[in-house]
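Take a look at the structure below.
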Amino acid sequence: MSLDQLLTWVPAGSQEESLARQVDFDRLPAHVAVIMDGNGRWAAQRHLPRVEGHRAGIASVRDVVETSARLGLEVLTVYAFSVENWKRPPTEVSVLMGLLKRYLRLELETLQANDIRFNVIGAQNELPDDVRRELDVGQERTSGNGGMLFNIALNYGGRAEIVEAARRAMEAGGRPSDLDEDTFGQWLYTAGQPDPDLLIRTSGEMRVSNFLLWQIAYAEIWVTETLWPDFRACHLLEAILDYQKRERRYGGIAQPAVVGH
Ligand code: IPE
Ligand code: IPE
Ligand code: MG
């Protein structure tokens with residue numbers, strides 16, 4: 001995506017426009033992962049039940065998915081429900097599942113229009129049947145799309161993913177000496193995908209909460225105090241601009257500044 005294309009949908013004179021103009025399109029993160037947190041606190045601030053925060057968070061998902069696709073990101077992964085989230089009250093869990101179904105039904109057209117491929121990461125077999133059916137439809141209908149890959153982490157746990165990958169690698173019966181970081185990566189949900197370059201967490205918490213533990217080895221982390229239901233395209237652009245100022249060393253040493261340019 002070029003700046004000109006991006007500017008066709010950003011309101012003229014808006015904050016998004018000025019942020020979009022600063023983005024270096026040659027240095028976009030290939031994969032952005034987002035821990036969408038703070039829905040409950042957003043609702044509590046308004047004296048509303050927690051589920052109202054989840055409801056309000058849907059608009060943020062929509063905005064971030066569409067903006068990411070239009071920016072030209074290769075992969076966007078959002079953390080929607082962790083394996084630990086089953087500890088929440090059953091009513092909250094069922095509202096979350098219901099919202100997910102509704103989001104998919106309402107957004108399928110938009111996903112198609114933006115050439116987005118929808119993909120679920122997590123233990124889908126443990127999800128309610130009606131949710132699984134909806135997820136299957138979403139994944140099947142968008143499977144031919146060649147634009148951004150949109151992963152939704154649902155009933156996802158990083159440790160569970162690693163254990164499951166180890167189990168599958170062992171069951172496949174290869175020689176232990178053939179297993180290395182690359183071949184092991186092929187047993188993860190994210191096989192074939194680039195690792196996240198940028199990990200965003202909303203609502204100020206400085207933790208990774210069992211998200212993509214293997215894949216975020218060298219991700220740049222950006223935490224904002226903004227609560228998820230208030231998160232919009234402008235925050236995503238801010239995160240990307242901050243990412244573009246970082247120097248990634250991967251354990252090496254700082255690159256000398258290029259002179260004469
Ligand atoms: C994130 O918001 C949504 C999910 C984990 C599903 P929370 O529900 O965790 O909101 P807080 O952290 O309690 O504010
Ligand atoms: C992380 O948020 C999980 C998701 C965003 C789905 P949580 O609210 O569940 O994480 P903790 O409990 O603050 O670590
Ligand atoms: Mg939370």
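As shown in the structure tokens, the chain order sets the letters A, B, ...; within each chain, residues go from 1, and ligands are also counted from 1 in the order they appear.
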| field | Expected answer as an MDAnalysis selection string: residues within 8 Å of ligand 1, only C-alpha atoms and all ligand atoms | value | chainID A and resid 35:43 50:51 53:54 79:82 85 96 203 227:228
| request: Please identify all polymer residues within 6 Å of A:Ile116, counting only C-alpha atoms, omitting same-chain residues fewer than 3 positions from it, and present them as a PyMOL selection string. | output: chain A and resi 111+145+147-149
| request: Would you kindly return, as a PyMOL selection string, each protein, DNA or RNA residue with an atom no farther than 8 Å from any atom of A:Thr77, considering only C-alpha atoms and excluding same-chain residues fewer than 5 positions away? | output: chain A and resi 31-34+150-153
Go ahead and save the residues from that selection, with N, CA and C atoms, as an mmCIF file, in the first residue's frame.
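Result file follows (out_35.cif):
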data_model
loop_
_atom_site.group_PDB
_atom_site.id
_atom_site.type_symbol
_atom_site.label_atom_id
_atom_site.label_comp_id
_atom_site.auth_asym_id
_atom_site.auth_seq_id
_atom_site.Cartn_x
_atom_site.Cartn_y
_atom_site.Cartn_z
ATOM 1 N N HIS A 31 4.493 -8.294 10.700
ATOM 2 C CA HIS A 31 3.482 -8.921 11.558
ATOM 3 C C HIS A 31 3.288 -8.069 12.816
ATOM 4 N N VAL A 32 2.075 -7.652 13.054
ATOM 5 C CA VAL A 32 1.734 -6.922 14.284
ATOM 6 C C VAL A 32 0.815 -7.806 15.125
ATOM 7 N N ALA A 33 1.142 -7.966 16.398
ATOM 8 C CA ALA A 33 0.311 -8.762 17.305
ATOM 9 C C ALA A 33 -0.232 -7.847 18.396
ATOM 10 N N VAL A 34 -1.489 -8.047 18.764
ATOM 11 C CA VAL A 34 -2.126 -7.124 19.711
ATOM 12 C C VAL A 34 -2.785 -7.867 20.874
ATOM 13 N N PHE A 150 -5.224 -12.456 8.797
ATOM 14 C CA PHE A 150 -5.757 -11.979 10.068
ATOM 15 C C PHE A 150 -5.943 -13.173 10.998
ATOM 16 N N ASN A 151 -5.017 -13.311 11.946
ATOM 17 C CA ASN A 151 -5.123 -14.396 12.929
ATOM 18 C C ASN A 151 -5.912 -13.915 14.133
ATOM 19 N N ILE A 152 -6.856 -14.716 14.559
ATOM 20 C CA ILE A 152 -7.507 -14.416 15.830
ATOM 21 C C ILE A 152 -7.126 -15.527 16.805
ATOM 22 N N ALA A 153 -6.545 -15.124 17.940
ATOM 23 C CA ALA A 153 -6.116 -16.107 18.942
ATOM 24 C C ALA A 153 -7.275 -16.354 19.893
#
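Taking only C-alpha atoms, the non-local environment of A:Leu19 within 8 Å (same-chain residues fewer than 3 positions away omitted) comprises A:Gln15, A:Glu16, A:Gln22, A:Val23, A:Cys234, A:Leu237, A:Glu238, A:Leu241.
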Output file for the selection above: N, CA, C and O atoms, as an mmCIF file, in the first residue's frame:
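Output (result07.cif):
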data_model
loop_
_atom_site.group_PDB
_atom_site.id
_atom_site.type_symbol
_atom_site.label_atom_id
_atom_site.label_comp_id
_atom_site.auth_asym_id
_atom_site.auth_seq_id
_atom_site.Cartn_x
_atom_site.Cartn_y
_atom_site.Cartn_z
ATOM 1 N N GLN A 15 -5.907 13.637 12.557
ATOM 2 C CA GLN A 15 -4.673 13.197 13.218
ATOM 3 C C GLN A 15 -4.102 11.981 12.479
ATOM 4 O O GLN A 15 -2.894 11.849 12.322
ATOM 5 N N GLU A 16 -5.011 11.106 12.006
ATOM 6 C CA GLU A 16 -4.565 9.920 11.260
ATOM 7 C C GLU A 16 -3.783 10.332 10.026
ATOM 8 O O GLU A 16 -2.790 9.716 9.674
ATOM 9 N N GLN A 22 3.767 10.256 8.101
ATOM 10 C CA GLN A 22 5.109 10.011 8.680
ATOM 11 C C GLN A 22 5.557 8.555 8.551
ATOM 12 O O GLN A 22 6.699 8.229 8.839
ATOM 13 N N VAL A 23 4.628 7.666 8.143
ATOM 14 C CA VAL A 23 4.971 6.234 8.085
ATOM 15 C C VAL A 23 5.931 5.949 6.930
ATOM 16 O O VAL A 23 5.747 6.454 5.821
ATOM 17 N N CYS A 234 -5.478 5.668 14.806
ATOM 18 C CA CYS A 234 -4.405 6.614 15.154
ATOM 19 C C CYS A 234 -3.429 5.993 16.156
ATOM 20 O O CYS A 234 -2.221 6.242 16.094
ATOM 21 N N LEU A 237 -1.177 3.626 14.261
ATOM 22 C CA LEU A 237 -0.162 4.382 13.519
ATOM 23 C C LEU A 237 0.928 4.892 14.456
ATOM 24 O O LEU A 237 2.117 4.851 14.132
ATOM 25 N N GLU A 238 0.529 5.340 15.654
ATOM 26 C CA GLU A 238 1.520 5.800 16.651
ATOM 27 C C GLU A 238 2.475 4.667 17.006
ATOM 28 O O GLU A 238 3.691 4.878 17.127
ATOM 29 N N LEU A 241 4.867 4.075 14.147
ATOM 30 C CA LEU A 241 5.884 5.133 14.066
ATOM 31 C C LEU A 241 6.944 4.947 15.148
ATOM 32 O O LEU A 241 8.140 5.126 14.899
#
| Can you tell me, as a ChimeraX atom specification, what residues are no more than 9 Å from A:Leu6 when counting only C-alpha atoms, ignoring any on the same chain fewer than 3 positions away? | /A:1-3,9-10,17,20,67,70-71
Would you put the residues from that selection into a file with N, CA and C atoms, as a PDB file, in the first residue's frame?
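Saved as selection.pdb:
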ATOM      1  N   MET A   1       0.857  -1.208   0.000  1.00  0.00           N
ATOM      2  CA  MET A   1       0.000   0.000   0.000  1.00  0.00           C
ATOM      3  C   MET A   1       0.884   1.246   0.000  1.00  0.00           C
ATOM      4  N   SER A   2       0.474   2.226  -0.802  1.00  0.00           N
ATOM      5  CA  SER A   2       1.245   3.470  -0.831  1.00  0.00           C
ATOM      6  C   SER A   2       0.545   4.514   0.024  1.00  0.00           C
ATOM      7  N   LEU A   3       1.287   5.575   0.339  1.00  0.00           N
ATOM      8  CA  LEU A   3       0.694   6.645   1.142  1.00  0.00           C
ATOM      9  C   LEU A   3      -0.538   7.215   0.441  1.00  0.00           C
ATOM     10  N   TRP A   9      -8.642   7.072   2.226  1.00  0.00           N
ATOM     11  CA  TRP A   9      -9.686   6.759   3.217  1.00  0.00           C
ATOM     12  C   TRP A   9      -9.475   7.420   4.571  1.00  0.00           C
ATOM     13  N   VAL A  10      -8.339   8.116   4.737  1.00  0.00           N
ATOM     14  CA  VAL A  10      -8.107   8.815   6.009  1.00  0.00           C
ATOM     15  C   VAL A  10      -8.714  10.208   5.875  1.00  0.00           C
ATOM     16  N   GLU A  17      -4.261  11.388   9.373  1.00  0.00           N
ATOM     17  CA  GLU A  17      -3.581  11.818   8.146  1.00  0.00           C
ATOM     18  C   GLU A  17      -2.154  12.249   8.467  1.00  0.00           C
ATOM     19  N   ALA A  20      -0.178   9.170   9.272  1.00  0.00           N
ATOM     20  CA  ALA A  20       0.033   8.329   8.083  1.00  0.00           C
ATOM     21  C   ALA A  20       1.147   8.898   7.206  1.00  0.00           C
ATOM     22  N   THR A  67      -7.502  -0.956   9.046  1.00  0.00           N
ATOM     23  CA  THR A  67      -6.330  -0.085   8.899  1.00  0.00           C
ATOM     24  C   THR A  67      -5.088  -0.917   8.579  1.00  0.00           C
ATOM     25  N   ARG A  70      -5.175  -2.014   5.018  1.00  0.00           N
ATOM     26  CA  ARG A  70      -4.934  -0.904   4.079  1.00  0.00           C
ATOM     27  C   ARG A  70      -3.488  -0.421   4.129  1.00  0.00           C
ATOM     28  N   LEU A  71      -2.892  -0.536   5.301  1.00  0.00           N
ATOM     29  CA  LEU A  71      -1.463  -0.167   5.409  1.00  0.00           C
ATOM     30  C   LEU A  71      -0.601  -1.125   4.598  1.00  0.00           C
TER      31      LEU A  71
END
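Taking only C-alpha atoms, the non-local environment of A:Ala123 within 12 Å (same-chain residues fewer than 5 positions away omitted) comprises Phe81, Ser82, Val83, Pro128, Arg132, Ile152, Ala153, Leu154, Asn155, Tyr156, Gly157, Gly158, Ala160, Glu161, Glu164, Leu188 and Tyr189 of chain A.
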| query | Residues of stretch 23-66 of chain A in helix (DSSP H, G or I) according to DSSP, as number ranges by chain? | reply | A: 25-27, 39-45, 50-66
Output C-alpha atoms of each residue in that selection to a file, as a PDB file, in the first residue's frame.
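File produced: out_25.pdb:
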ATOM      1  CA  PHE A  25       6.144   2.196   3.927  1.00  0.00           C
ATOM      2  CA  ASP A  26       9.415   0.433   3.182  1.00  0.00           C
ATOM      3  CA  ARG A  27       9.899  -0.405   6.858  1.00  0.00           C
ATOM      4  CA  ASN A  39     -12.475  -3.801  28.234  1.00  0.00           C
ATOM      5  CA  GLY A  40     -13.577  -4.449  31.826  1.00  0.00           C
ATOM      6  CA  ARG A  41     -11.924  -1.271  33.104  1.00  0.00           C
ATOM      7  CA  TRP A  42     -13.467   0.761  30.273  1.00  0.00           C
ATOM      8  CA  ALA A  43     -16.905  -0.459  31.333  1.00  0.00           C
ATOM      9  CA  ALA A  44     -16.210   0.052  35.056  1.00  0.00           C
ATOM     10  CA  GLN A  45     -15.234   3.687  34.411  1.00  0.00           C
ATOM     11  CA  ARG A  50     -17.961  -5.651  32.022  1.00  0.00           C
ATOM     12  CA  VAL A  51     -19.608  -7.142  28.937  1.00  0.00           C
ATOM     13  CA  GLU A  52     -20.393  -3.635  27.673  1.00  0.00           C
ATOM     14  CA  GLY A  53     -16.652  -3.122  27.418  1.00  0.00           C
ATOM     15  CA  HIS A  54     -16.372  -6.227  25.246  1.00  0.00           C
ATOM     16  CA  ARG A  55     -19.236  -4.981  23.088  1.00  0.00           C
ATOM     17  CA  ALA A  56     -17.564  -1.594  22.654  1.00  0.00           C
ATOM     18  CA  GLY A  57     -14.256  -3.294  21.818  1.00  0.00           C
ATOM     19  CA  ILE A  58     -15.688  -4.691  18.585  1.00  0.00           C
ATOM     20  CA  ALA A  59     -15.455  -1.268  16.892  1.00  0.00           C
ATOM     21  CA  SER A  60     -11.757  -1.161  17.798  1.00  0.00           C
ATOM     22  CA  VAL A  61     -11.181  -4.582  16.239  1.00  0.00           C
ATOM     23  CA  ARG A  62     -12.920  -3.446  13.062  1.00  0.00           C
ATOM     24  CA  ASP A  63     -10.846  -0.270  12.817  1.00  0.00           C
ATOM     25  CA  VAL A  64      -7.530  -1.999  13.508  1.00  0.00           C
ATOM     26  CA  VAL A  65      -8.202  -4.859  11.061  1.00  0.00           C
ATOM     27  CA  GLU A  66      -9.165  -2.521   8.228  1.00  0.00           C
TER      28      GLU A  66
END
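Distance check against ligand 3 using only C-alpha atoms and all ligand atoms: of A:Arg246, A:Arg232, A:Arg105, A:Arg201, the minimum falls on A:Arg201.
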| Counting only C-alpha atoms, what is within 7 Å of A:Ile221, bar same-chain residues fewer than 6 positions away, as number ranges by chain? | A: 198-200
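Candidate residues A:Met206, A:Leu48, A:Ala165, A:Ala172 were compared for distance to ligand 3, and the nearest is A:Met206, using only C-alpha atoms and all ligand atoms.
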